[in-house]
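Below is one structure, written out as structure tokens; comments come after it.
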Amino acid sequence: MSRKRQPIEPHRIKSVEPIKQLSAHEREQRIVEARYNIFRIDAQDIFIDLLTDSGTTAMSARQWAALMIGDESYAGAASFRNFERTVKDIFRKRFVIPCHQGRSAENLMFSTVVEKGKYVLNNTHFDTTRGNTLHKGGIPIDLPCPESTSDEMEPFKGNMDTEHLEAFINEHGAESIAMVVMTVTNNSVGGLPVSMANIHATSEICRRHNILFFFDGARYAENCYFIKRDEPGYGNKSVSDIANEMFECCDGVMMSAKKDGMANIGGFIALNDEDLYQRVTELMIIIEGFPTYGGLAGRDLEVLAVGLREAQDFDYLDFRINQVAYLGEQIKQAGMPIVEPTGGHAVFVDAGKFLPHVPPNEFPGQSVAVEFYREGGIRMSEIGSLMFGGKDPNTGEELIAVRELVRLAMPRRVYTNSHYDYVADVAARIADRRDSLTGYKVVHQTAILRHFTCDLEPLAHKKVHS
Ligand SMILES: *Cc1c(COP(=O)(O)O)cnc(C)c1O
């Protein structure tokens, strides 16, 4: 029998951090004390934490070394110049504005360009992008391609629906649109990539209608890897050449560097328009910091200058994307249906399919997430009706999500294949007793973003007929 080769880490481990598994009894206590909300469990009581890939990266030896040479001068620090040079080199823009994370970049940009009642069009808004658009009175519109929710094994399900984009512009007029944003990879549809052809097509439409075109580039390097692997004509190009081609198409980039910046904190805006640069930096001095540090320490900028380049390393990307696929395959074999193909930063379990006896308003995703903690001390987040459902603030109608998912987000360079084998073993044990899993009800909640703070209670078990 042939053995499937595991992806091999292109790094060795120089520094370790112990993790500890609580007993089954202690885990049961913790989950009850947390009122079945995993955000409330302390990190030290988690064995494997797959809550997010944001800011959870393991830094490299070079990054730790760079940290020590951080220049903490208030203005014009050498570390800023180093960071600026790196960002200009990759993102091809004249001006670089450091920010402490992605959402502060969004706040600065949207405060400057979004007026009340104007649209922001996006392949799919990430939740903070949506929040910041709404906060400035803008109207966020998602235009994902139709394949984004299909079961087909299409490679670029993160694409923008360009026909819909053009139709929207023709219907509402270019002047009603504050900006078009391309999110790479498309986080909200499963970290799935956008093709270069789709980027060119979107850019062409924006140029023709004279509409500002920006990237939300949190996971741009992972996106470049998929283009290299799966898009005809790109197989022989380097990741950095692909990145350059991608960013030549746009007017600017907002980035949360907590993802493909390979850092624990940081972000930036890069753009070409001098007038826009002046307006953004005027505001940032009031709310974020002087334009050469933007709410970060010099050492953070130095770390980012190294991390942004490391994220383009082919061996690293090849390992990462294959490790995501590897975990996906293991989970599937353990008997849990997943969203396919797997994307760049997470595996999504389809809890709606896995627990057909638990209806969406009883949160099958939460049931699976709680069980992963109970069974194995593993933490992950529900991405379903607990996150997106609840009462519509305008109509009072009870909303449910399109799909009931659970996200196993994978921190960069943190866990080895054997950690993920353990996760799959836990999945198999849960799958063996799936009929015993019950739904949950919300007993206390806030009006917005309830999933962070709500209290839950398990419902009585229903007999499953098969
Ligand atoms: C994480 C993320 C953001 C927000 O960035 P923060 O650093 O968490 O503030 C914006 N867009 C996308 C696509 C993201 O993944």
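Identifiers in this document derive from the order of the structure tokens: chains are assigned A, B, ..., residues are numbered from 1 separately in each chain, and ligands are numbered from 1 in order of occurrence.
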
Original post:
Taking the backbone alone, and naming residues the way the document does, which bits of segment 269-346 of chain A are helix (DSSP H, G or I) by DSSP, as a PyMOL selection string?
Top reply: chain A and resi 274-287+298-310+314-333

**OP:** Please provide the set of residues having any atom within 7 Å of segment 427-430 of chain A, restricted to only C-alpha atoms, with same-chain residues fewer than 3 positions apart removed, written as a ChimeraX atom specification.
**Re:** /A:331,334-335,423-424,433-434

Subject >> Exercise: Gly117 of chain A partners within 8 Å, only C-alpha atoms, chain neighbours under 4 positions left out, as a PyMOL selection string >> reply: chain A and resi 137-139+176

**OP:** Step by step, measure atom-to-atom distances between ligand 1 and each residue using only C-alpha atoms and all ligand atoms, keep those at most 9 Å, then write them as JSON, numbers by chain.
**Re:** {"A": [53, 54, 55, 100, 101, 102, 103, 104, 105, 106, 124, 125, 126, 127, 128, 129, 183, 184, 185, 186, 187, 188, 191, 216, 217, 218, 219, 254, 255, 256, 257, 258, 259, 265, 266, 267]}

With N, CA, C and O atoms kept, could you save the residues just selected as a compact mmCIF listing (two decimals), in the first residue's frame?
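Saved result, out.txt, follows:
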```
# COMPACT_ATOMS: atom_id res chain seq x y z
N ASP A 53 -5.82 32.59 12.46
CA ASP A 53 -4.45 32.65 11.94
C ASP A 53 -3.93 34.08 12.02
O ASP A 53 -2.88 34.38 11.47
N SER A 54 -4.66 34.95 12.70
CA SER A 54 -4.31 36.37 12.71
C SER A 54 -3.46 36.72 13.92
O SER A 54 -3.90 36.59 15.06
N GLY A 55 -2.23 37.17 13.66
CA GLY A 55 -1.35 37.59 14.75
C GLY A 55 -0.81 36.44 15.57
O GLY A 55 -0.19 36.64 16.60
N HIS A 100 -1.50 50.15 12.90
CA HIS A 100 -1.24 49.09 13.87
C HIS A 100 -1.91 47.77 13.53
O HIS A 100 -1.48 46.71 13.96
N GLN A 101 -2.99 47.79 12.75
CA GLN A 101 -3.51 46.54 12.19
C GLN A 101 -4.45 46.84 11.03
O GLN A 101 -4.63 48.00 10.67
N GLY A 102 -5.05 45.80 10.46
CA GLY A 102 -5.85 45.98 9.24
C GLY A 102 -7.01 46.93 9.40
O GLY A 102 -7.27 47.78 8.56
N ARG A 103 -7.73 46.80 10.52
CA ARG A 103 -8.94 47.61 10.66
C ARG A 103 -8.64 49.08 10.86
O ARG A 103 -9.47 49.92 10.55
N SER A 104 -7.45 49.42 11.35
CA SER A 104 -7.13 50.84 11.45
C SER A 104 -6.80 51.39 10.05
O SER A 104 -7.11 52.54 9.74
N ALA A 105 -6.21 50.57 9.19
CA ALA A 105 -6.02 50.95 7.79
C ALA A 105 -7.39 51.20 7.14
O ALA A 105 -7.59 52.20 6.42
N GLU A 106 -8.34 50.33 7.42
CA GLU A 106 -9.70 50.49 6.87
C GLU A 106 -10.35 51.77 7.39
O GLU A 106 -10.96 52.53 6.63
N THR A 124 -15.90 39.88 -1.45
CA THR A 124 -16.69 39.67 -0.23
C THR A 124 -16.04 40.45 0.90
O THR A 124 -14.83 40.28 1.15
N HIS A 125 -16.81 41.30 1.56
CA HIS A 125 -16.27 42.07 2.68
C HIS A 125 -15.90 41.14 3.83
O HIS A 125 -16.71 40.30 4.24
N PHE A 126 -14.73 41.34 4.38
CA PHE A 126 -14.39 40.74 5.67
C PHE A 126 -15.20 41.52 6.72
O PHE A 126 -15.59 42.65 6.49
N ASP A 127 -15.45 40.92 7.90
CA ASP A 127 -16.40 41.60 8.82
C ASP A 127 -15.94 42.97 9.31
O ASP A 127 -16.76 43.87 9.44
N THR A 128 -14.62 43.18 9.52
CA THR A 128 -14.19 44.54 9.94
C THR A 128 -14.29 45.54 8.79
O THR A 128 -14.51 46.73 9.01
N THR A 129 -14.11 45.06 7.55
CA THR A 129 -14.23 45.94 6.38
C THR A 129 -15.68 46.38 6.23
O THR A 129 -15.98 47.55 5.99
N THR A 183 -10.56 41.45 -2.16
CA THR A 183 -10.01 40.79 -0.97
C THR A 183 -9.30 39.51 -1.40
O THR A 183 -9.92 38.62 -1.98
N VAL A 184 -7.98 39.46 -1.15
CA VAL A 184 -7.19 38.28 -1.53
C VAL A 184 -6.44 37.74 -0.31
O VAL A 184 -5.82 38.50 0.40
N THR A 185 -6.58 36.43 -0.11
CA THR A 185 -7.60 35.54 -0.62
C THR A 185 -8.96 35.98 -0.07
O THR A 185 -9.02 36.79 0.85
N ASN A 186 -10.02 35.44 -0.64
CA ASN A 186 -11.36 35.83 -0.19
C ASN A 186 -11.69 35.09 1.11
O ASN A 186 -12.16 33.96 1.10
N ASN A 187 -11.41 35.75 2.20
CA ASN A 187 -11.52 35.16 3.54
C ASN A 187 -12.91 34.58 3.79
O ASN A 187 -13.07 33.43 4.19
N SER A 188 -13.94 35.39 3.54
CA SER A 188 -15.29 35.03 3.95
C SER A 188 -15.89 33.87 3.15
O SER A 188 -16.89 33.29 3.57
N GLY A 191 -11.24 31.44 2.40
CA GLY A 191 -9.82 31.65 2.09
C GLY A 191 -9.49 31.19 0.69
O GLY A 191 -8.37 30.74 0.41
N ASP A 216 -7.64 44.47 -0.49
CA ASP A 216 -7.52 44.09 0.91
C ASP A 216 -6.57 42.90 0.87
O ASP A 216 -6.96 41.79 0.53
N GLY A 217 -5.29 43.16 1.17
CA GLY A 217 -4.24 42.19 0.83
C GLY A 217 -3.76 41.31 1.97
O GLY A 217 -2.63 40.81 1.93
N ALA A 218 -4.59 41.06 2.97
CA ALA A 218 -4.16 40.32 4.16
C ALA A 218 -3.44 39.00 3.82
O ALA A 218 -2.43 38.67 4.41
N ARG A 219 -3.98 38.26 2.82
CA ARG A 219 -3.39 36.96 2.48
C ARG A 219 -2.98 36.92 1.01
O ARG A 219 -3.19 35.94 0.31
N MET A 254 -4.78 47.98 1.26
CA MET A 254 -4.88 47.99 2.73
C MET A 254 -4.47 46.59 3.16
O MET A 254 -4.90 45.61 2.54
N MET A 255 -3.67 46.50 4.17
CA MET A 255 -3.26 45.16 4.58
C MET A 255 -3.19 44.99 6.09
O MET A 255 -2.62 45.82 6.78
N SER A 256 -3.77 43.89 6.56
CA SER A 256 -3.52 43.42 7.91
C SER A 256 -2.27 42.55 7.85
O SER A 256 -2.32 41.44 7.32
N ALA A 257 -1.16 43.05 8.37
CA ALA A 257 0.10 42.30 8.30
C ALA A 257 0.17 41.21 9.37
O ALA A 257 1.18 40.54 9.53
N LYS A 258 -0.93 41.03 10.11
CA LYS A 258 -1.01 39.93 11.08
C LYS A 258 -1.21 38.58 10.39
O LYS A 258 -1.20 37.54 11.02
N LYS A 259 -1.42 38.62 9.08
CA LYS A 259 -1.54 37.38 8.31
C LYS A 259 -0.25 37.22 7.49
O LYS A 259 0.74 36.78 8.03
N ILE A 265 1.62 41.74 15.09
CA ILE A 265 0.83 42.97 15.01
C ILE A 265 1.33 43.79 13.81
O ILE A 265 2.49 43.66 13.42
N GLY A 266 0.46 44.61 13.24
CA GLY A 266 0.89 45.50 12.16
C GLY A 266 -0.04 45.52 10.97
O GLY A 266 -0.89 44.63 10.81
N GLY A 267 0.11 46.56 10.17
CA GLY A 267 -0.67 46.71 8.96
C GLY A 267 -0.20 47.94 8.23
O GLY A 267 0.73 48.62 8.68
```

Original post:
Which residues come within 7 Å of Arg94 of chain A, counting only C-alpha atoms, excluding same-chain residues fewer than 2 positions away, as a PyMOL selection string?
Top reply: chain A and resi 88+92+96+271-272

**OP:** Quick one: everything within 8 Å of segment 141-154 of chain A, counting only C-alpha atoms, minus sequence neighbours fewer than 2 positions away in the same chain. Send it as a list in words.
**Re:**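 Within the cut-off, the hits are Tyr119, Val120, Leu121, Asn122, Asn123, Thr124, His125, Ile139, Phe156, Lys157, Gly158, Asn159, Met160, Asp161, Thr162, His164, Leu165, Val189, Val339, Glu340 and Pro341 of chain A.
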
Could you take the residues named above and write them with C-alpha atoms, as an mmCIF file, in the first residue's frame?
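Here's the written file again39.cif:
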```
data_model
loop_
_atom_site.group_PDB
_atom_site.id
_atom_site.type_symbol
_atom_site.label_atom_id
_atom_site.label_comp_id
_atom_site.auth_asym_id
_atom_site.auth_seq_id
_atom_site.Cartn_x
_atom_site.Cartn_y
_atom_site.Cartn_z
ATOM 1 C CA TYR A 119 -21.315 52.092 -2.087
ATOM 2 C CA VAL A 120 -18.226 50.035 -1.413
ATOM 3 C CA LEU A 121 -18.101 46.979 -3.687
ATOM 4 C CA ASN A 122 -16.039 43.963 -2.669
ATOM 5 C CA ASN A 123 -15.711 40.351 -3.859
ATOM 6 C CA THR A 124 -16.694 39.667 -0.230
ATOM 7 C CA HIS A 125 -16.275 42.066 2.682
ATOM 8 C CA ILE A 139 -23.201 50.678 1.930
ATOM 9 C CA PHE A 156 -10.635 30.356 -8.132
ATOM 10 C CA LYS A 157 -13.856 30.448 -6.181
ATOM 11 C CA GLY A 158 -12.754 33.679 -4.470
ATOM 12 C CA ASN A 159 -13.265 35.703 -7.671
ATOM 13 C CA MET A 160 -15.297 38.885 -8.066
ATOM 14 C CA ASP A 161 -18.418 38.518 -10.197
ATOM 15 C CA THR A 162 -17.281 41.014 -12.866
ATOM 16 C CA HIS A 164 -22.425 41.799 -11.743
ATOM 17 C CA LEU A 165 -19.859 44.531 -10.998
ATOM 18 C CA VAL A 189 -15.823 32.362 1.283
ATOM 19 C CA VAL A 339 -15.751 22.727 2.205
ATOM 20 C CA GLU A 340 -13.722 21.897 -0.915
ATOM 21 C CA PRO A 341 -11.309 22.735 -2.320
#
```

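Among the candidates A:Cys249, A:Met179, A:Ala263, A:Val358, the residue lying nearest to Leu296 of chain A is A:Ala263 (atoms considered: only C-alpha atoms).
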
**OP:** Using only C-alpha atoms, find the one residue out of A:Arg208, A:Arg229, A:Lys14, A:Arg379 that sits nearest to Thr52 of chain A.
**Re:** A:Arg379

**OP:** Find the residues around Pro18 of chain A up to 12 Å (only C-alpha atoms counted), leave out those fewer than 6 positions away in its own chain, and share them as a list in words.
**Re:**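 Contacts, in chain order: Gln44, Ile46, Phe47, Ile48, Val414 and Tyr415 of chain A.
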
**OP:** Could you tell me which of A:Thr395, A:Leu459, A:Arg374, A:Phe247 comes closest to Val443 of chain A if we count only C-alpha atoms?
**Re:**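 Among the listed residues, A:Leu459 lies closest to Val443 of chain A.
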
**OP:** Name all residues at most 10 Å from segment 56-63 of chain A (count only C-alpha atoms; drop same-chain ones fewer than 4 positions away) and give them as a ChimeraX atom specification.
**Re:** /A:11,13-15,49-52,67-68,258-265,299-300,302-307,310,410-415
